[in-house]
>>> print(open('target.tsv').read())   # TSV, C-alpha atoms and all ligand atoms
chain	number	residue	atom	x	y	z
A	322	MET	CA	136.85	120.48	114.68
A	323	ARG	CA	139.23	123.05	113.24
A	324	ALA	CA	137.50	126.29	112.34
A	325	THR	CA	139.02	126.24	108.85
A	326	GLN	CA	137.78	122.66	108.32
A	327	GLN	CA	134.26	123.76	109.23
A	328	LEU	CA	134.44	126.48	106.55
A	329	LYS	CA	135.81	124.00	104.00
A	330	ASP	CA	132.89	121.66	104.74
A	331	GLU	CA	130.49	124.55	104.20
A	332	HIS	CA	132.22	125.26	100.88
A	333	GLU	CA	131.31	121.74	99.73
A	334	GLY	CA	127.64	122.45	100.42
A	335	ILE	CA	127.80	125.82	98.67
A	336	LYS	CA	129.52	124.22	95.65
A	337	ILE	CA	126.63	121.74	95.29
A	338	MET	CA	124.18	124.66	95.27
A	339	LEU	CA	126.30	126.42	92.62
A	340	THR	CA	126.10	123.32	90.42
A	341	ILE	CA	122.31	123.26	90.88
A	342	MET	CA	122.15	126.95	89.88
A	343	GLU	CA	124.28	126.22	86.81
A	344	LYS	CA	122.01	123.32	85.82
A	345	ILE	CA	118.90	125.49	86.16
A	346	SER	CA	120.51	128.29	84.11
A	347	ASN	CA	121.36	125.81	81.35
A	348	ASP	CA	117.80	124.47	81.42
A	349	LEU	CA	116.36	128.00	81.26
A	350	GLY	CA	118.65	128.76	78.31
A	351	LYS	CA	117.13	125.77	76.53
A	352	GLY	CA	113.65	127.20	77.12
A	353	LYS	CA	112.63	124.92	79.98
A	354	ASN	CA	110.26	126.19	82.63
A	355	MET	CA	111.46	127.23	86.06
A	356	ASN	CA	110.12	125.88	89.34
A	357	LYS	CA	109.68	129.21	91.13
A	358	ASP	CA	109.34	127.67	94.59
A	359	HIS	CA	112.68	125.94	94.19
A	360	TYR	CA	114.31	129.08	92.87
A	361	ALA	CA	113.03	131.18	95.78
A	362	LYS	CA	114.55	128.61	98.16
A	363	ILE	CA	117.88	128.70	96.29
A	364	ILE	CA	118.07	132.50	96.62
A	365	GLU	CA	117.18	132.18	100.30
A	366	PHE	CA	119.98	129.60	100.76
A	367	ILE	CA	122.52	131.86	99.05
A	368	LYS	CA	121.50	134.88	101.13
A	369	GLY	CA	121.04	133.09	104.45
A	370	PHE	CA	123.62	130.33	104.40
A	371	ALA	CA	126.36	131.33	101.93
A	372	ASP	CA	126.34	135.03	102.70
A	373	LYS	CA	124.97	135.79	106.15
A	374	CYS	CA	126.23	132.66	107.87
A	375	HIS	CA	129.35	131.53	105.97
A	376	HIS	CA	130.72	134.88	104.80
A	377	GLY	CA	129.74	136.30	108.20
A	378	LYS	CA	131.99	133.75	109.93
A	379	GLU	CA	134.88	134.69	107.66
A	380	GLU	CA	134.39	138.46	107.86
A	381	ASP	CA	133.51	138.82	111.53
A	382	ILE	CA	135.65	136.09	113.07
A	383	LEU	CA	138.30	134.35	110.94
A	384	PHE	CA	139.73	137.32	109.04
A	385	PRO	CA	140.06	139.50	112.17
A	386	ALA	CA	141.80	136.58	113.95
A	387	MET	CA	144.25	136.33	111.04
A	388	ALA	CA	144.76	140.09	111.13
A	389	ASN	CA	145.69	139.77	114.83
A	390	HIS	CA	148.57	137.58	113.67
A	391	GLY	CA	149.89	140.27	111.37
A	392	ILE	CA	148.23	139.21	108.11
A	393	PRO	CA	147.17	142.60	106.70
A	394	LYS	CA	143.47	143.28	106.17
A	395	GLU	CA	144.20	145.75	103.43
A	396	GLY	CA	146.14	145.25	100.23
A	397	GLY	CA	146.51	141.46	100.61
A	398	PRO	CA	144.54	138.24	100.15
A	399	ILE	CA	142.02	139.14	102.90
A	400	ALA	CA	141.14	142.34	101.02
A	401	VAL	CA	140.66	140.32	97.83
A	402	MET	CA	138.27	137.94	99.66
A	403	LEU	CA	136.29	140.86	101.14
A	404	ASN	CA	135.97	142.47	97.71
A	405	GLU	CA	134.71	139.22	96.25
A	406	HIS	CA	132.10	138.89	99.01
A	407	GLN	CA	130.90	142.39	98.07
A	408	LEU	CA	130.83	141.56	94.37
A	409	GLY	CA	128.84	138.39	95.17
A	410	ARG	CA	126.28	140.53	97.04
A	411	ILE	CA	125.89	142.73	93.95
A	412	HIS	CA	125.25	139.68	91.74
A	413	ILE	CA	122.72	138.28	94.22
A	414	LYS	CA	120.92	141.61	94.41
A	415	SER	CA	120.61	141.66	90.60
A	416	LEU	CA	119.50	138.03	90.62
A	417	SER	CA	116.84	138.70	93.29
A	418	SER	CA	115.38	141.66	91.45
A	419	ALA	CA	115.36	139.80	88.11
A	420	PHE	CA	113.58	136.91	89.86
A	421	GLU	CA	110.99	139.30	91.34
A	422	GLU	CA	110.35	140.78	87.89
A	423	PHE	CA	110.02	137.32	86.41
A	424	LYS	CA	107.49	136.37	89.09
A	425	CYS	CA	105.51	139.49	88.17
A	426	GLY	CA	105.23	138.25	84.61
A	427	ASN	CA	108.23	139.80	82.86
A	428	LYS	CA	109.47	136.88	80.78
A	429	LEU	CA	112.48	138.85	79.54
A	430	ALA	CA	113.87	138.90	83.08
A	431	ILE	CA	114.90	135.29	82.50
A	432	ASN	CA	117.98	136.56	80.62
A	433	ASP	CA	119.05	138.58	83.66
A	434	ILE	CA	118.43	135.58	85.91
A	435	ILE	CA	120.73	133.48	83.73
A	436	SER	CA	123.50	136.09	83.51
A	437	SER	CA	123.45	137.14	87.18
A	438	SER	CA	123.34	133.58	88.46
A	439	MET	CA	126.18	132.47	86.19
A	440	SER	CA	128.32	135.48	87.19
A	441	TYR	CA	127.71	134.49	90.81
A	442	VAL	CA	128.51	130.81	90.20
A	443	GLU	CA	131.79	131.65	88.47
A	444	LEU	CA	132.81	134.19	91.11
A	445	LEU	CA	132.05	131.90	94.05
A	446	ARG	CA	133.75	128.84	92.56
A	447	ASN	CA	137.00	130.75	92.08
A	448	HIS	CA	136.60	132.40	95.48
A	449	ILE	CA	136.19	129.04	97.23
A	450	GLU	CA	139.28	127.61	95.50
A	451	LYS	CA	141.36	130.59	96.64
A	452	GLU	CA	140.16	130.23	100.23
A	453	ASN	CA	140.67	126.48	100.35
A	454	ASN	CA	144.11	126.54	98.77
A	455	ILE	CA	145.62	129.84	99.86
A	456	LEU	CA	143.80	131.73	102.59
A	457	PHE	CA	142.92	128.85	104.92
A	458	MET	CA	146.47	127.48	104.61
A	459	MET	CA	147.73	130.85	105.77
A	460	ALA	CA	145.24	130.73	108.66
A	461	ASP	CA	146.32	127.19	109.63
A	462	LYS	CA	149.94	128.36	109.77
A	463	VAL	CA	149.32	131.19	112.22
A	464	LEU	CA	146.45	129.85	114.37
A	465	ASN	CA	147.24	127.19	116.98
A	466	GLU	CA	144.78	124.44	117.94
A	467	MET	CA	143.43	126.40	120.90
A	468	GLU	CA	142.69	129.44	118.71
A	469	GLN	CA	141.07	127.24	116.06
A	470	LEU	CA	138.78	125.81	118.73
A	471	LYS	CA	137.88	129.24	120.08
A	472	ILE	CA	137.06	130.43	116.56
A	473	PHE	CA	134.99	127.31	115.95
A	474	GLU	CA	132.99	128.05	119.11
A	475	ALA	CA	132.52	131.66	118.03
A	476	PHE	CA	131.20	130.35	114.68
A	477	GLU	CA	128.50	128.38	116.50
A	478	ILE	CA	127.38	131.50	118.37
A	479	LEU	CA	127.36	133.62	115.20
A	480	GLU	CA	125.32	131.00	113.40
A	481	ALA	CA	122.70	130.86	116.16
A	482	GLU	CA	122.49	134.66	116.17
A	483	LYS	CA	122.44	135.24	112.41
A	484	ILE	CA	120.27	132.41	111.12
A	485	GLY	CA	118.91	130.73	114.25
A	486	ILE	CA	119.31	127.27	115.75
A	487	GLY	CA	118.17	124.44	113.48
A	488	LYS	CA	118.38	126.48	110.29
A	489	HIS	CA	121.70	124.88	109.27
A	490	GLU	CA	120.00	121.46	109.27
A	491	GLU	CA	117.11	122.86	107.25
A	492	TYR	CA	119.56	124.12	104.61
A	493	HIS	CA	121.18	120.68	104.45
A	494	HIS	CA	117.79	119.07	103.84
A	495	LEU	CA	117.08	121.56	101.07
A	496	LEU	CA	120.43	120.81	99.47
A	497	LYS	CA	119.72	117.08	99.58
A	498	GLU	CA	116.24	117.55	98.14
A	499	LEU	CA	117.32	119.83	95.27
A	500	ARG	CA	120.35	117.69	94.52
A	501	SER	CA	118.14	114.63	94.01
A	502	ILE	CA	115.88	116.63	91.68
A	503	TYR	CA	118.45	118.51	89.58
A	504	LEU	CA	121.69	116.54	89.73
A	505	THR	CA	120.73	112.93	89.20
B	1	FE	FE	134.78	133.92	101.49
B	2	FE	FE	134.34	130.81	102.20
>>> encode(input="target.tsv", output="structure tokens")
Amino acid sequence: MRATQQLKDEHEGIKIMLTIMEKISNDLGKGKNMNKDHYAKIIEFIKGFADKCHHGKEEDILFPAMANHGIPKEGGPIAVMLNEHQLGRIHIKSLSSAFEEFKCGNKLAINDIISSSMSYVELLRNHIEKENNILFMMADKVLNEMEQLKIFEAFEILEAEKIGIGKHEEYHHLLKELRSIYLT
């Protein structure tokens, strides 16, 4: 499989989780209760899969490979992507601490959960569109099939190191489970 196709497939999974987060935020806004176990798993998915694993593949492997082909790391689209990853981390940090406060009984923290999660959803949706339609097309132009394969293999190693073997499957199960609960 092409390395960029693997990342696009992961985007589809992340987009489903963003829709679940949006649904929960809307429900919370209407005064519905939150399932805290589900929400803890969603935050874990975002941190472990979307950030550590997926953004890790882009930052540690794909972007440097593109930079080797003369696509600048600073002042261009790669820099924009890196900045957005950082901004996403800030939103997730705020979301995590609001969730911790909520778990400790601070009901007002629900407003911060809604605003941080929606900022994250909006950021990531736009980010994914830019990567799918601009950045990965640039990568496909400069990387030949052999390089794509080497990058794909490096992704597998990074994944095993960062989240562990079998975790990817676990995340897919979670996605399937939450999708059937929140999006049907
Ligand atoms: Fe990215
Ligand atoms: Fe991405």
>>> closest_residue(input="target.tsv", among="A:Lys424, A:Arg323, A:Lys497, A:Lys378", to="A:Met355", atoms="all atoms listed in the file")
A:Lys424
>>> residues_near_ligand(input="target.tsv", ligand="ligand FE 1 (chain B)", cutoff="12 Å", atoms="all atoms listed in the file", output="PyMOL selection string")
chain A and resi 325+328-329+331-332+335+371-384+398-410+444-453+455-457
>>> closest_residue(input="target.tsv", among="A:Phe370, A:Tyr360, A:Tyr492, A:Phe420", to="ligand FE 2 (chain B)", atoms="only C-alpha atoms and all ligand atoms")
A:Phe370
>>> closest_residue(input="target.tsv", among="A:Lys362, A:Lys462, A:Lys471, A:Lys394", to="A:Ser417", atoms="only C-alpha atoms")
A:Lys362
>>> atom_distance(input="target.tsv", atom1="atom CA of A:Asp433", atom2="atom CA of A:Lys351")
14.8 Å
>>> residues_around(input="target.tsv", residues="A:Met338", least_positions_apart="6", cutoff="9 Å", atoms="only C-alpha atoms", output="list in words")
Ile363, Phe366, Ile367, Leu496, Leu499 and Arg500 of chain A
>>> write_last_selection(input="target.tsv", atoms="C-alpha atoms", output="PDB file, in the frame of the given file")
ATOM      1  CA  ILE A 363     117.880 128.700  96.290  1.00  0.00           C
ATOM      2  CA  PHE A 366     119.980 129.600 100.760  1.00  0.00           C
ATOM      3  CA  ILE A 367     122.520 131.860  99.050  1.00  0.00           C
ATOM      4  CA  LEU A 496     120.430 120.810  99.470  1.00  0.00           C
ATOM      5  CA  LEU A 499     117.320 119.830  95.270  1.00  0.00           C
ATOM      6  CA  ARG A 500     120.350 117.690  94.520  1.00  0.00           C
TER       7      ARG A 500
END
>>> closest_residue(input="target.tsv", among="A:Ile486, A:Val442, A:Ala386, A:Ile431", to="A:Lys357", atoms="all atoms listed in the file")
A:Ile431
>>> axis_aligned_box(input="target.tsv", around="stretch 384-402 of chain A", padding_each_side="6 Å", output="AutoDock Vina command-line options")
--center_x 144.1 --center_y 141.0 --center_z 106.3 --size_x 23.6 --size_y 21.4 --size_z 29.0
>>> closest_residue(input="target.tsv", among="A:Ala460, A:Phe423, A:Gln469, A:Glu333", to="A:Asn356", atoms="all atoms listed in the file")
A:Phe423
>>> atom_distance(input="target.tsv", atom1="atom CA of A:Leu429", atom2="atom CA of A:Ile341")
21.6 Å
>>> closest_residue(input="target.tsv", among="A:Glu365, A:Asp330, A:Glu421, A:Glu477", to="A:Glu491", atoms="only C-alpha atoms")
A:Glu365
>>> atom_distance(input="target.tsv", atom1="atom FE of ligand FE 2 (chain B)", atom2="atom CA of A:Glu474")
17.2 Å
>>> build_atoms(input="target.tsv", residues="stretch 487-499 of chain A", atoms="N, CA and C atoms", output="compact mmCIF listing (two decimals), in the coordinates of the input")
# COMPACT_ATOMS: atom_id res chain seq x y z
N GLY A 487 118.98 125.37 114.29
CA GLY A 487 118.17 124.44 113.48
C GLY A 487 118.11 124.80 112.01
N LYS A 488 118.47 126.03 111.69
CA LYS A 488 118.38 126.48 110.29
C LYS A 488 119.44 125.78 109.41
N HIS A 489 120.61 125.54 109.99
CA HIS A 489 121.70 124.88 109.27
C HIS A 489 121.22 123.50 108.75
N GLU A 490 120.55 122.77 109.63
CA GLU A 490 120.00 121.46 109.27
C GLU A 490 118.98 121.58 108.14
N GLU A 491 118.14 122.61 108.26
CA GLU A 491 117.11 122.86 107.25
C GLU A 491 117.76 123.09 105.87
N TYR A 492 118.85 123.86 105.87
CA TYR A 492 119.56 124.12 104.61
C TYR A 492 120.14 122.83 104.03
N HIS A 493 120.63 121.95 104.93
CA HIS A 493 121.18 120.68 104.45
C HIS A 493 120.10 119.81 103.82
N HIS A 494 118.92 119.83 104.40
CA HIS A 494 117.79 119.07 103.84
C HIS A 494 117.43 119.60 102.46
N LEU A 495 117.41 120.93 102.35
CA LEU A 495 117.08 121.56 101.07
C LEU A 495 118.09 121.14 100.00
N LEU A 496 119.36 121.18 100.39
CA LEU A 496 120.43 120.81 99.47
C LEU A 496 120.24 119.37 98.98
N LYS A 497 119.93 118.50 99.91
CA LYS A 497 119.72 117.08 99.58
C LYS A 497 118.54 116.92 98.63
N GLU A 498 117.46 117.64 98.94
CA GLU A 498 116.24 117.55 98.14
C GLU A 498 116.49 118.05 96.71
N LEU A 499 117.10 119.24 96.60
CA LEU A 499 117.32 119.83 95.27
C LEU A 499 118.35 119.04 94.47
